[in-house]
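A.B. asks: Hey, dropping data10.cif in here, mmCIF, C-alpha atoms:
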```cif
data_protein
loop_
_atom_site.group_PDB
_atom_site.id
_atom_site.type_symbol
_atom_site.label_atom_id
_atom_site.label_comp_id
_atom_site.auth_asym_id
_atom_site.auth_seq_id
_atom_site.Cartn_x
_atom_site.Cartn_y
_atom_site.Cartn_z
ATOM 1 C CA MET I 1 17.095 8.051 9.773
ATOM 2 C CA GLY I 2 13.440 9.104 9.990
ATOM 3 C CA LYS I 3 10.909 7.543 12.277
ATOM 4 C CA PRO I 4 8.449 4.994 10.858
ATOM 5 C CA THR I 5 5.167 6.343 9.568
ATOM 6 C CA ARG I 6 1.993 6.051 11.629
ATOM 7 C CA ILE I 7 0.038 5.160 8.500
ATOM 8 C CA THR I 8 -0.790 1.470 8.402
ATOM 9 C CA ASN I 9 -2.002 -0.506 5.436
ATOM 10 C CA ARG I 10 -3.575 -3.750 4.297
ATOM 11 C CA LEU I 11 -1.619 -4.070 1.039
ATOM 12 C CA ARG I 12 -0.302 -7.547 1.698
ATOM 13 C CA GLU I 13 -3.814 -8.817 2.486
ATOM 14 C CA LEU I 14 -5.318 -7.024 -0.514
ATOM 15 C CA ARG I 15 -2.642 -8.467 -2.808
ATOM 16 C CA PHE I 16 -3.318 -11.964 -1.446
ATOM 17 C CA HIS I 17 -7.049 -11.635 -2.167
ATOM 18 C CA SER I 18 -6.313 -10.340 -5.685
ATOM 19 C CA GLN I 19 -5.091 -13.668 -7.065
ATOM 20 C CA GLU I 20 -1.949 -13.343 -4.962
ATOM 21 C CA MET I 21 -0.731 -10.294 -6.885
ATOM 22 C CA THR I 22 3.006 -9.818 -6.491
ATOM 23 C CA GLN I 23 4.641 -6.651 -5.258
ATOM 24 C CA ALA I 24 6.154 -6.245 -8.731
ATOM 25 C CA GLU I 25 2.720 -6.515 -10.383
ATOM 26 C CA LEU I 26 1.252 -3.908 -8.025
ATOM 27 C CA ALA I 27 4.230 -1.626 -8.612
ATOM 28 C CA ALA I 28 3.790 -1.877 -12.394
ATOM 29 C CA LYS I 29 0.057 -1.063 -12.149
ATOM 30 C CA VAL I 30 0.754 1.987 -9.989
ATOM 31 C CA GLY I 31 3.907 3.174 -11.772
ATOM 32 C CA VAL I 32 6.361 2.874 -8.882
ATOM 33 C CA THR I 33 9.205 0.479 -8.117
ATOM 34 C CA ARG I 34 8.846 -2.834 -6.296
ATOM 35 C CA GLN I 35 11.108 -1.395 -3.592
ATOM 36 C CA THR I 36 8.591 1.411 -3.046
ATOM 37 C CA ILE I 37 5.770 -1.108 -2.556
ATOM 38 C CA ILE I 38 7.935 -3.084 -0.113
ATOM 39 C CA ALA I 39 8.699 0.072 1.903
ATOM 40 C CA ILE I 40 5.015 1.071 1.984
ATOM 41 C CA GLU I 41 3.922 -2.416 3.093
ATOM 42 C CA GLN I 42 6.536 -2.455 5.850
ATOM 43 C CA GLY I 43 5.489 0.973 7.111
ATOM 44 C CA ARG I 44 8.885 2.504 6.348
ATOM 45 C CA TYR I 45 7.451 4.916 3.767
ATOM 46 C CA SER I 46 4.185 6.814 3.410
ATOM 47 C CA PRO I 47 2.952 7.008 -0.170
ATOM 48 C CA SER I 48 1.946 10.307 -1.709
ATOM 49 C CA LEU I 49 -1.783 10.896 -1.719
ATOM 50 C CA GLU I 50 -1.833 10.252 -5.464
ATOM 51 C CA VAL I 51 -0.052 6.890 -5.125
ATOM 52 C CA ALA I 52 -2.304 5.909 -2.207
ATOM 53 C CA PHE I 53 -5.406 6.591 -4.332
ATOM 54 C CA GLN I 54 -3.908 4.667 -7.264
ATOM 55 C CA ILE I 55 -3.194 1.661 -5.041
ATOM 56 C CA ALA I 56 -6.736 1.695 -3.622
ATOM 57 C CA ARG I 57 -8.123 1.954 -7.150
ATOM 58 C CA VAL I 58 -6.108 -1.094 -8.293
ATOM 59 C CA PHE I 59 -7.884 -3.137 -5.619
ATOM 60 C CA GLY I 60 -11.273 -1.455 -6.124
ATOM 61 C CA VAL I 61 -11.522 -0.382 -2.497
ATOM 62 C CA PRO I 62 -11.958 2.980 -0.749
ATOM 63 C CA LEU I 63 -8.732 4.680 0.341
ATOM 64 C CA GLU I 64 -9.470 4.049 4.033
ATOM 65 C CA GLU I 65 -9.829 0.314 3.404
ATOM 66 C CA ALA I 66 -6.289 0.182 2.002
ATOM 67 C CA PHE I 67 -4.661 2.724 4.373
ATOM 68 C CA GLN I 68 -5.411 3.698 7.951
ATOM 69 C CA TYR I 69 -4.246 6.606 10.082
ATOM 70 C CA PRO I 70 -4.824 5.989 13.791
ATOM 71 C CA ALA I 71 -6.599 8.575 15.904
ATOM 72 C CA ASP I 72 -4.565 10.106 18.719
#
```
Would you mind giving the structure from this file in structure tokens?
C.D. replies:
Amino acid sequence: MGKPTRITNRLRELRFHSQEMTQAELAAKVGVTRQTIIAIEQGRYSPSLEVAFQIARVFGVPLEEAFQYPAD
């Protein structure tokens, strides 16, 4: 099993502030499965760059507001 990603995200918070959007609703808007959104939120999976941009676009925020990569 691979190690967890270092990329963190604010998806749960962003969904909450978007009329409490469900994981299924976000998945449908982005074109991925609900399980993929769950894995991304939990830090078990890093989205492709394309999916990351699509997610940020759904919320109308810059990529770095939705996803963070810590400095070493």
A.B. asks: Excluding same-chain residues fewer than 4 positions from segment 42-51 of chain I, what lies within 8 Å of it counting all atoms listed in the file, as a list of chain:residue names?
C.D. replies: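 Counting all atoms listed in the file, the residues come to I:Pro4, I:Thr5, I:Arg6, I:Ile7, I:Thr8, I:Asn9, I:Val30, I:Thr36, I:Ile38, I:Ile55.
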A.B. asks: Skip segment 24-26 of chain I itself and residues of its chain fewer than 6 positions away, then list as a tab-separated table (two decimals) with C-alpha atoms, keeping the file's coordinate frame all residues within 10 Å of it, counting only C-alpha atoms.
C.D. replies:
```
chain	number	residue	atom	x	y	z
I	11	LEU	CA	-1.62	-4.07	1.04
I	15	ARG	CA	-2.64	-8.47	-2.81
I	32	VAL	CA	6.36	2.87	-8.88
I	33	THR	CA	9.20	0.48	-8.12
I	34	ARG	CA	8.85	-2.83	-6.30
I	35	GLN	CA	11.11	-1.40	-3.59
I	36	THR	CA	8.59	1.41	-3.05
I	37	ILE	CA	5.77	-1.11	-2.56
I	38	ILE	CA	7.94	-3.08	-0.11
I	55	ILE	CA	-3.19	1.66	-5.04
I	58	VAL	CA	-6.11	-1.09	-8.29
I	59	PHE	CA	-7.88	-3.14	-5.62
```
A.B. asks: Quick one: apply the PyMOL selection byres ((chain I and resi 14) around 10) to the file and drop the selected residues here as a PDB file with C-alpha atoms, in the frame of the given file.
C.D. replies:
```pdb
ATOM      1  CA  ASN I   9      -2.002  -0.506   5.436  1.00  0.00           C
ATOM      2  CA  ARG I  10      -3.575  -3.750   4.297  1.00  0.00           C
ATOM      3  CA  LEU I  11      -1.619  -4.070   1.039  1.00  0.00           C
ATOM      4  CA  ARG I  12      -0.302  -7.547   1.698  1.00  0.00           C
ATOM      5  CA  GLU I  13      -3.814  -8.817   2.486  1.00  0.00           C
ATOM      6  CA  ARG I  15      -2.642  -8.467  -2.808  1.00  0.00           C
ATOM      7  CA  PHE I  16      -3.318 -11.964  -1.446  1.00  0.00           C
ATOM      8  CA  HIS I  17      -7.049 -11.635  -2.167  1.00  0.00           C
ATOM      9  CA  SER I  18      -6.313 -10.340  -5.685  1.00  0.00           C
ATOM     10  CA  GLN I  19      -5.091 -13.668  -7.065  1.00  0.00           C
ATOM     11  CA  GLU I  20      -1.949 -13.343  -4.962  1.00  0.00           C
ATOM     12  CA  MET I  21      -0.731 -10.294  -6.885  1.00  0.00           C
ATOM     13  CA  ALA I  56      -6.736   1.695  -3.622  1.00  0.00           C
ATOM     14  CA  VAL I  58      -6.108  -1.094  -8.293  1.00  0.00           C
ATOM     15  CA  PHE I  59      -7.884  -3.137  -5.619  1.00  0.00           C
ATOM     16  CA  GLY I  60     -11.273  -1.455  -6.124  1.00  0.00           C
ATOM     17  CA  VAL I  61     -11.522  -0.382  -2.497  1.00  0.00           C
ATOM     18  CA  GLU I  65      -9.829   0.314   3.404  1.00  0.00           C
ATOM     19  CA  ALA I  66      -6.289   0.182   2.002  1.00  0.00           C
TER      20      ALA I  66
END
```
A.B. asks: Just the number, please: distance in Å from atom CA of Phe53 of chain I to atom CA of Gln68 of chain I, one decimal.
C.D. replies: 12.6 Å
A.B. asks: State, in Å with one decimal place, the distance from atom CA of Gln54 of chain I to atom CA of Asp72 of chain I.
C.D. replies: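 So the answer is 26.6 Å.
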A.B. asks: Name the closest residue to Glu41 of chain I among the candidates I:Arg57, I:Gln23, I:Ala28, I:Glu64; distances are taken between atoms, counting only C-alpha atoms.
C.D. replies: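 The shortest atom-to-atom distance to Glu41 of chain I comes from I:Gln23.
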